[in-house]
Every structure is written in C-alpha cells, then in structure tokens.
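Source file: run-v1.cif; contents: mmCIF, C-alpha atoms and all ligand atoms.
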```cif
data_entry
#
loop_
_atom_site.label_atom_id
_atom_site.label_comp_id
_atom_site.auth_asym_id
_atom_site.auth_seq_id
_atom_site.Cartn_x
_atom_site.Cartn_y
_atom_site.Cartn_z
CA MET O 1 -28.71 -27.40 57.80
CA THR O 2 -29.04 -25.62 54.52
CA ARG O 3 -26.35 -23.08 53.86
CA ILE O 4 -26.99 -20.41 51.28
CA ILE O 5 -24.26 -18.52 49.49
CA PHE O 6 -25.21 -15.68 47.22
CA PHE O 7 -22.83 -14.57 44.50
CA ALA O 8 -24.25 -11.36 43.02
CA LEU O 9 -22.22 -11.47 39.85
CA GLY O 10 -21.11 -8.07 38.69
CA LEU O 11 -22.40 -6.52 41.91
CA ALA O 12 -21.16 -6.48 45.45
CA VAL O 13 -20.05 -9.77 46.91
CA CYS O 14 -22.39 -11.18 49.48
CA ALA O 15 -20.88 -14.47 50.43
CA ARG O 16 -19.65 -16.43 53.36
CA ALA O 17 -16.03 -15.44 53.22
CA GLY O 18 -13.60 -18.29 53.05
CA LEU O 19 -16.09 -20.93 52.13
CA ALA O 20 -14.80 -21.36 48.60
CA GLN O 21 -11.29 -21.70 49.96
CA GLU O 22 -12.42 -24.19 52.51
CA ALA O 23 -14.27 -26.15 49.83
CA SER O 24 -11.32 -26.19 47.46
CA HIS O 25 -9.39 -28.38 49.87
CA ALA O 26 -12.22 -30.74 50.62
CA ALA O 27 -12.48 -33.44 47.97
CA PRO O 28 -15.85 -35.10 48.44
CA ALA O 29 -15.55 -38.59 49.85
CA ILE O 30 -17.55 -41.22 48.02
CA SER O 31 -19.13 -42.42 51.24
CA ASP O 32 -20.09 -38.89 52.21
CA PRO O 33 -21.32 -37.13 49.12
CA ARG O 34 -22.02 -33.48 49.77
CA THR O 35 -25.07 -32.07 48.06
CA ILE O 36 -24.83 -28.64 46.48
CA VAL O 37 -27.63 -26.86 44.70
CA VAL O 38 -26.55 -24.17 42.21
CA ARG O 39 -29.27 -21.73 41.26
CA ALA O 40 -29.11 -19.31 38.35
CA GLN O 41 -31.42 -17.28 36.20
CA TRP O 42 -30.01 -18.69 32.98
CA LEU O 43 -28.46 -21.99 31.96
CA ILE O 44 -26.74 -22.73 28.66
CA ASP O 45 -26.31 -26.46 29.07
CA GLY O 46 -23.84 -27.16 26.24
CA THR O 47 -26.16 -29.17 24.01
CA ALA O 48 -29.63 -27.55 23.87
CA ASP O 49 -30.33 -24.91 21.22
CA LYS O 50 -31.82 -22.51 23.73
CA PRO O 51 -30.97 -21.40 27.27
CA ARG O 52 -33.18 -22.40 30.17
CA HIS O 53 -34.58 -19.86 32.61
CA ASN O 54 -34.48 -20.15 36.41
CA VAL O 55 -32.86 -23.48 37.08
CA GLU O 56 -31.43 -25.46 39.94
CA ILE O 57 -28.53 -27.81 39.36
CA VAL O 58 -28.33 -30.49 42.02
CA ILE O 59 -24.83 -31.83 42.60
CA ARG O 60 -23.87 -34.79 44.72
CA GLY O 61 -20.16 -35.26 45.29
CA ASN O 62 -18.50 -34.52 41.95
CA ARG O 63 -21.47 -35.30 39.69
CA ILE O 64 -24.60 -33.50 38.58
CA VAL O 65 -27.63 -35.55 39.60
CA GLU O 66 -30.50 -33.31 38.52
CA VAL O 67 -31.29 -30.14 36.57
CA ARG O 68 -34.71 -28.74 37.39
CA ALA O 69 -36.81 -25.60 37.62
CA ALA O 70 -35.70 -23.42 40.53
CA ASN O 71 -37.67 -23.79 43.75
CA SER O 72 -39.83 -26.49 42.18
CA GLN O 73 -39.03 -29.05 44.87
CA ALA O 74 -37.89 -29.14 48.44
CA LEU O 75 -34.13 -28.94 48.83
CA PRO O 76 -32.34 -32.13 49.70
CA GLY O 77 -31.45 -32.30 53.39
CA ALA O 78 -28.13 -30.70 54.34
CA ALA O 79 -27.78 -29.15 50.92
CA GLN O 80 -25.55 -26.16 50.38
CA VAL O 81 -27.15 -23.60 48.05
CA ILE O 82 -25.07 -21.41 45.78
CA ASP O 83 -27.34 -18.74 44.35
CA LEU O 84 -25.74 -17.12 41.33
CA GLY O 85 -28.54 -14.59 40.92
CA ALA O 86 -28.88 -13.14 37.43
CA ALA O 87 -25.84 -14.99 36.11
CA THR O 88 -25.65 -17.35 33.15
CA VAL O 89 -24.33 -20.79 34.04
CA LEU O 90 -22.54 -22.92 31.47
CA PRO O 91 -20.58 -26.17 31.54
CA GLY O 92 -16.89 -25.80 32.32
CA LEU O 93 -15.20 -24.81 29.05
CA ILE O 94 -12.84 -27.09 27.10
CA ASP O 95 -9.79 -25.91 25.16
CA THR O 96 -8.65 -28.75 22.90
CA HIS O 97 -5.33 -27.18 21.90
CA THR O 98 -3.14 -25.77 24.65
CA HIS O 99 0.53 -25.69 25.64
CA ILE O 100 1.02 -25.35 29.36
CA PHE O 101 4.79 -25.50 28.82
CA LEU O 102 4.78 -22.42 26.59
CA GLN O 103 4.23 -18.91 27.86
CA GLY O 104 3.93 -16.72 24.78
CA GLU O 105 7.57 -15.75 25.11
CA ASP O 106 8.84 -12.42 23.93
CA PRO O 107 11.43 -12.98 21.15
CA ALA O 108 13.49 -10.16 22.64
CA ALA O 109 13.71 -12.14 25.88
CA GLY O 110 15.03 -15.26 24.15
CA GLY O 111 11.75 -16.52 22.73
CA TYR O 112 11.24 -20.23 22.31
CA ASP O 113 14.89 -21.24 22.29
CA VAL O 114 15.81 -19.98 25.73
CA GLN O 115 13.31 -22.33 27.30
CA LEU O 116 15.09 -25.39 25.96
CA LEU O 117 18.61 -24.03 26.30
CA LYS O 118 18.66 -22.17 29.60
CA PHE O 119 15.68 -22.86 31.80
CA PRO O 120 15.97 -25.71 34.30
CA GLY O 121 13.23 -28.28 33.87
CA SER O 122 11.95 -27.42 37.33
CA TYR O 123 11.54 -23.77 36.27
CA ARG O 124 9.46 -24.82 33.29
CA VAL O 125 7.34 -27.07 35.49
CA ALA O 126 6.75 -24.18 37.89
CA ARG O 127 5.50 -22.07 35.01
CA ALA O 128 3.33 -24.89 33.69
CA VAL O 129 1.69 -25.16 37.12
CA VAL O 130 0.77 -21.48 36.83
CA SER O 131 -0.56 -22.06 33.28
CA ALA O 132 -2.80 -24.87 34.53
CA HIS O 133 -4.05 -22.54 37.26
CA ARG O 134 -4.80 -19.82 34.73
CA ALA O 135 -6.78 -22.23 32.54
CA LEU O 136 -9.05 -23.03 35.46
CA GLU O 137 -9.27 -19.40 36.53
CA GLN O 138 -10.54 -18.52 33.05
CA GLY O 139 -13.22 -21.19 33.22
CA PHE O 140 -11.47 -23.92 31.25
CA THR O 141 -12.06 -27.01 33.35
CA SER O 142 -10.71 -29.38 30.68
CA ILE O 143 -7.81 -29.06 28.25
CA ARG O 144 -6.13 -31.22 25.66
CA ASP O 145 -2.50 -30.17 25.95
CA MET O 146 -0.71 -30.52 22.62
CA GLU O 147 2.87 -31.34 23.62
CA THR O 148 5.47 -30.08 26.05
CA GLU O 149 7.94 -28.34 23.71
CA GLY O 150 11.10 -29.92 25.00
CA ALA O 151 9.85 -30.48 28.54
CA GLY O 152 9.67 -34.24 28.07
CA TYR O 153 6.92 -36.00 29.95
CA GLY O 154 6.30 -33.07 32.27
CA ASP O 155 2.64 -32.93 31.30
CA VAL O 156 2.08 -36.45 32.65
CA GLY O 157 3.19 -35.38 36.13
CA ILE O 158 1.21 -32.13 36.07
CA LYS O 159 -1.92 -34.07 35.14
CA GLN O 160 -1.26 -36.52 37.96
CA ALA O 161 -0.70 -33.72 40.48
CA ILE O 162 -4.01 -32.13 39.44
CA ASN O 163 -5.87 -35.41 39.64
CA ASP O 164 -4.39 -36.11 43.07
CA GLY O 165 -5.49 -32.67 44.32
CA ILE O 166 -1.94 -31.42 44.88
CA ILE O 167 -2.30 -28.42 42.56
CA PRO O 168 -5.39 -26.81 41.06
CA GLY O 169 -5.90 -27.26 37.34
CA PRO O 170 -8.19 -28.51 34.63
CA ARG O 171 -8.81 -32.10 33.62
CA MET O 172 -6.00 -32.84 31.22
CA TRP O 173 -5.50 -34.96 28.15
CA VAL O 174 -1.78 -34.93 27.45
CA SER O 175 0.26 -35.69 24.36
CA THR O 176 3.80 -35.63 25.84
CA VAL O 177 6.70 -34.95 23.46
CA SER O 178 5.05 -35.14 19.98
CA ILE O 179 6.53 -36.49 16.74
CA SER O 180 8.05 -34.78 13.71
CA SER O 181 10.75 -35.64 11.17
CA THR O 182 14.39 -34.64 10.81
CA GLY O 183 14.32 -30.99 9.74
CA GLY O 184 10.81 -30.73 11.05
CA TYR O 185 11.05 -28.86 14.34
CA PRO O 186 13.09 -26.28 16.31
CA LEU O 187 15.64 -25.68 17.73
CA GLU O 188 17.13 -24.55 14.45
CA GLY O 189 19.60 -22.06 13.08
CA TYR O 190 22.61 -23.08 15.17
CA ALA O 191 26.03 -24.07 13.84
CA PRO O 192 25.68 -27.49 12.16
CA GLU O 193 28.48 -28.83 14.37
CA ILE O 194 26.39 -28.28 17.48
CA THR O 195 23.75 -30.70 18.66
CA VAL O 196 20.85 -28.76 20.13
CA PRO O 197 17.73 -30.11 21.83
CA LYS O 198 14.55 -30.36 19.79
CA GLY O 199 11.03 -29.49 20.84
CA SER O 200 9.70 -32.72 19.34
CA GLN O 201 10.81 -36.34 18.93
CA LEU O 202 12.21 -36.54 15.39
CA ILE O 203 11.81 -39.78 13.47
CA ASP O 204 12.60 -41.08 9.99
CA GLY O 205 10.86 -44.08 8.54
CA PRO O 206 7.78 -46.06 9.63
CA ILE O 207 9.74 -48.19 12.12
CA GLU O 208 11.03 -45.21 14.06
CA ALA O 209 7.61 -43.59 13.78
CA ARG O 210 5.87 -46.57 15.34
CA LYS O 211 8.54 -46.85 18.04
CA ALA O 212 8.12 -43.19 18.99
CA ALA O 213 4.36 -43.64 19.28
CA ARG O 214 4.87 -46.74 21.44
CA GLU O 215 7.29 -44.91 23.72
CA GLN O 216 4.99 -41.95 24.17
CA LEU O 217 1.90 -44.09 24.72
CA ASP O 218 3.83 -46.24 27.18
CA LYS O 219 4.90 -43.19 29.15
CA GLY O 220 1.45 -41.70 29.47
CA ALA O 221 0.34 -39.96 26.27
CA ASP O 222 -3.45 -39.73 25.98
CA TRP O 223 -3.15 -38.41 22.44
CA ILE O 224 -0.29 -38.55 19.97
CA LYS O 225 0.59 -35.19 18.44
CA VAL O 226 2.24 -35.21 15.02
CA TYR O 227 3.65 -32.30 13.05
CA MET O 228 2.72 -32.80 9.39
CA THR O 229 3.95 -29.37 8.25
CA HIS O 230 6.72 -27.17 9.56
CA ARG O 231 8.11 -24.02 7.91
CA SER O 232 5.78 -21.85 5.85
CA TRP O 233 6.41 -19.07 3.34
CA LEU O 234 4.91 -17.38 0.29
CA ASP O 235 5.82 -18.55 -3.22
CA GLY O 236 6.38 -16.25 -6.20
CA GLN O 237 2.63 -15.94 -6.78
CA GLY O 238 1.99 -15.02 -3.16
CA ALA O 239 0.47 -18.38 -2.25
CA LEU O 240 1.10 -19.91 1.16
CA VAL O 241 3.41 -22.93 1.05
CA SER O 242 4.18 -25.29 3.94
CA GLN O 243 7.04 -27.71 4.24
CA PRO O 244 5.66 -31.26 4.63
CA THR O 245 7.31 -33.45 7.27
CA LEU O 246 6.23 -37.07 7.75
CA THR O 247 5.38 -39.32 4.81
CA VAL O 248 2.01 -41.05 4.60
CA GLU O 249 3.73 -44.35 5.48
CA GLU O 250 5.31 -42.86 8.60
CA LEU O 251 2.02 -41.35 9.71
CA LYS O 252 0.08 -44.53 8.99
CA ALA O 253 2.43 -46.46 11.29
CA ILE O 254 1.73 -43.95 14.08
CA VAL O 255 -2.03 -43.92 13.51
CA ASP O 256 -2.20 -47.72 13.36
CA GLU O 257 -0.21 -48.07 16.59
CA THR O 258 -2.13 -45.36 18.41
CA HIS O 259 -5.54 -46.64 17.37
CA GLY O 260 -4.49 -50.07 18.58
CA TRP O 261 -4.09 -48.55 22.05
CA GLY O 262 -7.59 -47.05 21.74
CA LYS O 263 -6.14 -43.56 21.44
CA LYS O 264 -6.11 -40.87 18.80
CA VAL O 265 -3.75 -38.79 16.69
CA ALA O 266 -3.79 -35.00 16.34
CA CYS O 267 -1.96 -33.55 13.35
CA HIS O 268 -0.57 -30.06 13.13
CA ALA O 269 -1.06 -29.25 9.42
CA TYR O 270 -1.27 -25.86 7.70
CA ASN O 271 -2.06 -26.71 4.08
CA GLY O 272 -0.85 -28.33 0.87
CA LEU O 273 1.02 -31.61 0.73
CA GLY O 274 1.47 -31.98 4.49
CA LEU O 275 -2.25 -31.49 5.13
CA GLN O 276 -3.07 -33.97 2.37
CA ARG O 277 -0.74 -36.55 3.90
CA ALA O 278 -2.34 -35.92 7.30
CA LEU O 279 -5.73 -36.81 5.84
CA ASP O 280 -4.46 -39.74 3.75
CA GLY O 281 -2.64 -41.10 6.80
CA GLY O 282 -5.84 -41.08 8.86
CA CYS O 283 -5.35 -38.28 11.39
CA ASP O 284 -8.21 -37.91 13.85
CA SER O 285 -7.93 -34.13 14.21
CA ILE O 286 -6.40 -31.46 12.01
CA GLU O 287 -4.83 -28.72 14.09
CA HIS O 288 -4.78 -25.20 12.59
CA GLY O 289 -5.77 -26.20 9.01
CA LEU O 290 -5.02 -22.76 7.67
CA GLU O 291 -5.92 -23.47 4.06
CA ILE O 292 -8.17 -26.43 3.38
CA THR O 293 -9.31 -27.15 -0.18
CA ASP O 294 -12.87 -28.16 -1.06
CA ALA O 295 -11.65 -31.69 -1.83
CA GLN O 296 -9.95 -31.87 1.56
CA ILE O 297 -13.13 -30.69 3.26
CA ARG O 298 -15.00 -33.52 1.52
CA GLN O 299 -12.33 -35.96 2.69
CA MET O 300 -12.64 -34.70 6.27
CA LEU O 301 -16.41 -35.18 6.14
CA LYS O 302 -16.02 -38.67 4.72
CA GLN O 303 -13.42 -39.70 7.29
CA GLY O 304 -15.07 -37.90 10.21
CA THR O 305 -11.94 -35.83 10.82
CA TRP O 306 -12.11 -33.11 13.46
CA TYR O 307 -10.96 -29.56 12.79
CA VAL O 308 -9.34 -27.56 15.59
CA PRO O 309 -8.69 -24.24 13.86
CA THR O 310 -7.00 -22.07 16.54
CA LEU O 311 -7.90 -18.81 14.75
CA GLN O 312 -6.93 -16.09 17.19
CA VAL O 313 -3.28 -17.03 17.75
CA TYR O 314 -2.45 -16.10 14.14
CA TYR O 315 -3.50 -12.51 14.78
CA THR O 316 -0.75 -12.06 17.35
CA ASP O 317 2.92 -11.15 16.93
CA TRP O 318 3.03 -10.29 13.23
CA ASP O 319 6.40 -9.41 11.77
CA PRO O 320 6.64 -6.03 9.98
CA ALA O 321 4.42 -5.84 6.86
CA GLU O 322 7.23 -5.38 4.36
CA THR O 323 9.22 -8.45 5.47
CA ASP O 324 8.80 -11.93 3.97
CA SER O 325 7.70 -13.34 7.30
CA GLY O 326 5.36 -10.39 7.82
CA LYS O 327 3.70 -11.05 4.46
CA ARG O 328 3.42 -14.70 5.41
CA ASP O 329 1.82 -13.80 8.75
CA ARG O 330 -0.85 -11.71 7.01
CA LYS O 331 -1.51 -14.35 4.36
CA ARG O 332 -2.07 -16.97 7.04
CA VAL O 333 -5.05 -15.15 8.53
CA ALA O 334 -6.38 -14.22 5.08
CA VAL O 335 -6.76 -17.89 4.10
CA HIS O 336 -7.62 -19.21 7.56
CA GLY O 337 -10.94 -17.43 8.02
CA VAL O 338 -12.06 -18.55 4.56
CA SER O 339 -11.20 -22.19 5.36
CA PHE O 340 -13.02 -22.00 8.67
CA SER O 341 -16.17 -20.59 7.05
CA LYS O 342 -16.15 -23.21 4.30
CA ALA O 343 -15.59 -26.07 6.72
CA LEU O 344 -18.35 -24.77 8.99
CA ARG O 345 -20.85 -24.48 6.15
CA ALA O 346 -19.94 -27.97 4.92
CA GLY O 347 -20.57 -29.47 8.37
CA VAL O 348 -17.01 -30.44 9.33
CA LYS O 349 -16.77 -31.25 13.05
CA ILE O 350 -15.13 -28.22 14.69
CA ALA O 351 -13.78 -28.13 18.26
CA PHE O 352 -12.59 -25.07 20.14
CA GLY O 353 -8.83 -24.79 20.44
CA THR O 354 -6.60 -21.80 20.94
CA ASP O 355 -2.88 -22.70 21.02
CA VAL O 356 -2.67 -20.73 24.28
CA GLY O 357 0.95 -20.81 25.35
CA GLY O 358 1.66 -19.59 21.84
CA PHE O 359 0.25 -16.43 23.41
CA LYS O 360 0.42 -15.55 27.09
CA TRP O 361 -1.79 -17.42 29.55
CA SER O 362 -2.70 -14.08 31.09
CA ASP O 363 -4.39 -13.08 27.81
CA PRO O 364 -8.05 -14.09 27.55
CA ILE O 365 -8.29 -17.62 26.17
CA ALA O 366 -11.91 -16.84 25.30
CA GLU O 367 -10.86 -14.38 22.59
CA GLU O 368 -11.22 -17.34 20.22
CA PHE O 369 -15.00 -17.24 20.59
CA SER O 370 -15.26 -13.87 18.86
CA ARG O 371 -13.14 -15.13 15.94
CA GLU O 372 -15.41 -18.16 15.57
CA VAL O 373 -18.42 -15.85 15.45
CA GLU O 374 -16.65 -13.46 13.06
CA PHE O 375 -16.21 -16.32 10.59
CA GLY O 376 -19.73 -17.64 10.75
CA MET O 377 -20.59 -19.52 13.94
CA THR O 378 -23.57 -18.41 15.96
CA PRO O 379 -22.66 -17.64 19.57
CA MET O 380 -24.39 -20.89 20.56
CA GLN O 381 -22.33 -22.87 18.04
CA ALA O 382 -19.18 -21.22 19.36
CA ILE O 383 -20.12 -22.13 22.94
CA GLN O 384 -20.90 -25.71 21.93
CA SER O 385 -17.54 -25.96 20.12
CA ALA O 386 -15.97 -25.47 23.57
CA THR O 387 -18.43 -27.67 25.44
CA SER O 388 -20.31 -30.64 23.98
CA ARG O 389 -18.42 -30.69 20.66
CA ALA O 390 -15.04 -30.57 22.38
CA ALA O 391 -16.25 -33.35 24.69
CA ASP O 392 -17.07 -35.43 21.60
CA LEU O 393 -13.55 -34.91 20.30
CA LEU O 394 -12.22 -36.19 23.61
CA GLY O 395 -14.61 -39.15 23.65
CA LYS O 396 -16.28 -37.80 26.81
CA ARG O 397 -19.78 -36.97 25.61
CA GLY O 398 -22.18 -36.65 28.51
CA GLU O 399 -19.37 -36.48 31.08
CA ILE O 400 -17.92 -33.05 30.40
CA GLY O 401 -19.08 -30.08 28.32
CA VAL O 402 -22.68 -30.49 29.41
CA VAL O 403 -24.85 -29.62 32.39
CA ALA O 404 -26.99 -32.72 32.69
CA PRO O 405 -27.49 -35.61 35.11
CA GLY O 406 -24.47 -37.91 35.15
CA ALA O 407 -21.97 -35.28 34.03
CA TYR O 408 -19.08 -34.11 36.19
CA ALA O 409 -19.97 -31.03 38.20
CA ASP O 410 -17.83 -28.66 36.14
CA LEU O 411 -19.67 -25.34 35.96
CA ILE O 412 -18.87 -21.74 35.21
CA ALA O 413 -20.91 -18.57 35.41
CA VAL O 414 -20.71 -15.20 33.72
CA ALA O 415 -22.58 -11.97 34.23
CA GLY O 416 -24.53 -11.07 31.12
CA ASP O 417 -25.65 -13.03 28.10
CA PRO O 418 -22.94 -14.76 26.05
CA LEU O 419 -25.50 -15.35 23.30
CA ALA O 420 -25.75 -11.58 22.87
CA ASP O 421 -21.99 -11.04 23.22
CA VAL O 422 -19.53 -13.92 23.42
CA ASN O 423 -16.97 -11.55 24.88
CA VAL O 424 -18.58 -11.92 28.29
CA LEU O 425 -16.89 -15.34 28.33
CA LYS O 426 -13.60 -13.49 28.81
CA ASN O 427 -14.76 -12.63 32.30
CA VAL O 428 -15.71 -15.87 34.00
CA GLN O 429 -16.71 -15.09 37.56
CA PHE O 430 -17.52 -18.45 39.04
CA VAL O 431 -15.75 -21.75 38.46
CA MET O 432 -16.60 -25.13 39.94
CA LYS O 433 -14.64 -28.22 38.99
CA ASP O 434 -15.53 -31.70 40.16
CA GLY O 435 -18.15 -30.28 42.52
CA VAL O 436 -15.65 -27.99 44.26
CA VAL O 437 -15.82 -24.19 43.99
CA PHE O 438 -12.50 -22.95 42.67
CA LYS O 439 -13.41 -19.32 42.10
CA SER O 440 -16.19 -16.91 42.91
CA ASP O 441 -16.54 -13.29 41.84
CA ALA O 442 -14.42 -12.42 44.84
CA GLY O 443 -11.51 -13.74 42.78
CA SER O 444 -9.27 -16.74 42.76
CA ARG O 445 -8.58 -18.17 46.19
CA SER O 446 -5.43 -20.09 45.64
CA GLY O 447 -2.90 -17.33 46.06
CA VAL O 448 -1.03 -17.34 42.76
CA LYS O 449 -0.54 -13.82 41.41
ZN ZN Q 1 0.04 -25.82 19.17
#
```
How would this structure read if it were set down as structure tokens?
Ligand SMILES: [Zn+2]
Amino acid sequence: MTRIIFFALGLAVCARAGLAQEASHAAPAISDPRTIVVRAQWLIDGTADKPRHNVEIVIRGNRIVEVRAANSQALPGAAQVIDLGAATVLPGLIDTHTHIFLQGEDPAAGGYDVQLLKFPGSYRVARAVVSAHRALEQGFTSIRDMETEGAGYGDVGIKQAINDGIIPGPRMWVSTVSISSTGGYPLEGYAPEITVPKGSQLIDGPIEARKAAREQLDKGADWIKVYMTHRSWLDGQGALVSQPTLTVEELKAIVDETHGWGKKVACHAYNGLGLQRALDGGCDSIEHGLEITDAQIRQMLKQGTWYVPTLQVYYTDWDPAETDSGKRDRKRVAVHGVSFSKALRAGVKIAFGTDVGGFKWSDPIAEEFSREVEFGMTPMQAIQSATSRAADLLGKRGEIGVVAPGAYADLIAVAGDPLADVNVLKNVQFVMKDGVVFKSDAGSRSGVK
C-alpha cells in the first residue's frame, strides 16, 4: 500500500499524526529496506548550479537511490510518499565547527570557567545531548565537533549513542580534548599556587605533541584539533596581535602522526605568527583565520588548505567599545570580513562552520549564511559551503551534502527560496536523517523543550 503524507510547509499541517514519531524509532533493517518517495517543487541538490523543479527523491533504507522528475514513473510498490508541496528540499546541512559541550554561557553566570570547575561531567553530557538534538532540529545532519572544552572524551560517547540510535543527533566527527601549549588555554587567572583544569591538553615539545595526538587518536578522535594562537589584543598602532602557541616542530609532529592514521588536523589560528606556523606545519584546515595575508592565501591555495571562517560568532558578546577588549572585539570583525572576501576571490576552499556553543544552541546556526553572503558568496555558494564543500572537507563527497543516488538520505526542507533569501534556512521545517523523518513542520517529535 502506498501511504501519502502531505506537509504543507508554512501552511496548515495535513499529515498522519504520529507517523514521524513512529518512524524515528524504526531504523530500517538491511533485509527489509523501506522505500520512501519525497516529492517537492524545488530541489537544491548541493552540487548543481541551479535548482531543479518538481522532483521525486526515491529512498531505500537509509540511502537515496534515485532523483527523478515528479510523477514521471510508477511508484515503487509499498512506497511511502512524503509530499512537501511548494517547499525547497536541500541536503542535510553540515556545520564543520561546533562545540556541543559549550552552551554560549553568560559570563555573569560563571561563563566558561564554571563548566570545568563546578558542573558534574554528567551534567555537561546532559547538555551536550540537548545540543546534538538542537543541531538536528535546525537541519544540521552532520557536524565536525571541535573539542570538548574540558569534558574529556565525552564526544566519543555522544557520537556512539547517536550512531546506536539511543539519542537523536547528527552524524559526528569528533576531535576529543584538543592540543595547545603551556600558557595556551584556559582556565587562567587563578592564584599560581592552584592547579586548575584546562580546556585543552597542553604539551611542550615535539615528543609530548606526538604523544598527545596518539592518545587522542587511540581514544577515538576523528580529527585532531590544535590551538595555534591563544590570547589576542591590539598593539600600539591598533593592529590585531595573537599570541602564538605551538612551534612548527611541535605541530609537524602532530600532523605527521595524524596523517599516518589517515586523519586530519584542524588548527585554530587568528593571524600573524601562529597562523604562519599553522600553515608551515601543514594544517589541513584553518579555523577562524581572522586576518590572512595575501602570501598566506597563496600558501593555502598551494597546500590545498581549507578555511573554516566562523564569521558570525565574532559579532556576539562584544565588550564595551571604550575597553581594550572591546576595541579588540571590533577589530576582529573588521579584518575578518576582508580576509574572507580575499580568500573567496582567490579560490581558497571554504567550508561552513559556526563555532556554535560559543553562542547558544537555541540561536539560529544558519545566521552564518547571511554573513557569508554579506562578504561575497552567492547564496548558492553559501549553501554549497554547508553541503558538498563541507562534505569534501570531511572526505565524504557523494555520501553527505548532496541529494544524489548513493548518498545517505539526509534531507531538509524550507518554505521559500533560500537562493532569494538565505535567511529562510533559519527556519528548517522538515528534517530526515538516514532515511528517518526526525522533524516535520508540526515540530520536533522527541520531547526535549
Ligand atoms: Zn571553536
């Protein structure tokens, strides 16, 4: 029997109540692949330059098997049809820089430090579970999580729980505890006699650097995250300066070890010496890259280095304008947009990343799209930065970030045209991950407020 569900996006719901909930608990068995046909007026497939009109996406189990003109062929027997009406369907979005163990804490409520000093690990895990849920709810079906901020290897277990179907969440690539140098990461500012926990594994020297990478890879890191700059301030001329952390030799030991495991290294680097060392040491992706020189852009092109700019997060939580840190906050965004535009024009590989967790998970993750467009991307380029380009960064081309035969059935839908206004991506109304409907326009079904 063919069952038809109609989600009139932006209009009244006309659906078989409870079906999405029922589906969310039913992982498709390999021997019994369910067939679902998703129909929509528009498809942005993640790779093509133009949207397609009136399509049917045929899904068997957790994979897309065919994308074809709507109503062009008889439906497969026993297919379930999800008709999304006038909606635009896209691949599930990918955020390549997240922190599920951060919650955009209010400094007045203890900020970053209280998480490491006062919260039980189980409390932080509980919050991370909610973060993972929120990622999926907002249409992000894959994330590269960029370290746990003192929560150890908690990301490894969250990823496992998602993969085992215990909790809802996106596909995860995890980087565990990260690496920086002595003096290169909080907690800071306590009496020197007191030993406080650190939000990163601090190393000194290439031997310790390699050992830290080995430990983290051994315990489940999919990526190694390295901090190549730490504090930042303005010098006497008003230029942005960042404190470098690891040496080139330390970073090279990490990169060599990590590449030997077939994995990659992401480097947090703002500008200056630390960014230069990140490039000279062979980082695979530069995170943030607030101020990149022309020579560094050429080096990124030559080395094939990815750029994950995380623009929007630097527009949040500015200190007062007259303070040193407030001036620094404003300078950061002033140079960042310029770097992004230059890198884009030069053809540097750019993947969508937000640093969500640095801001609250209840804020729209998709705000980043409008910053990308503000600084020169077309809406289609912005969408591809969070779909096929992000998939390339993760080494998953053709499997995620695309609606095409062979890809995982990770789909989202929005009402309206994101090519006319990327802000419609802030209101994702339908989410399917792995061939299972997680959310329809009736709202999330999994009961977390
Ligand atoms: Zn980050």
Original post:
So which residues are near ligand ZN 1 (chain Q), meaning at most 10 Å away with all atoms listed in the file counted, given back as a list in words?
Top reply: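 Residues lying within 10 Å of ligand ZN 1 (chain Q): Thr96, His97, Thr98, His99, Leu102, Asp145, Met146, Glu147, Thr148, Glu149, Lys225, Tyr227, Cys267, His268, Glu287, His288, Thr310, Val313, Gly353, Thr354, Asp355, Val356, Gly357 and Gly358 of chain O.
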**OP:** Could you check how far atom CA of O:Pro91 sits from atom CA of O:Gly61, in Å to one decimal?
**Re:** 16.5 Å
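Between atom CA of O:Gln201 and atom CA of O:Leu394 lies a distance of 23.5 Å.
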Original post:
Interatomic distance between atom CA of O:Ser200 and atom CA of O:Ala278?
Top reply: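 Computing it gives 17.3 Å between the two atoms.
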Subject >> Contact residues around O:Ile158 with all atoms listed in the file at 12 Å, ignoring same-chain residues under 5 positions, as JSON, numbers by chain >> reply: {"O": [100, 101, 122, 124, 125, 126, 127, 128, 129, 130, 131, 132, 133, 145, 148, 151, 152, 153, 163, 164, 165, 166, 167, 168, 169, 170, 171, 172, 173, 174, 176, 220]}
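Ranking O:Glu56, O:Thr229, O:Tyr315, O:Asp294 by their shortest atom-to-atom distance to O:Phe359, with all atoms listed in the file included, puts O:Tyr315 first.
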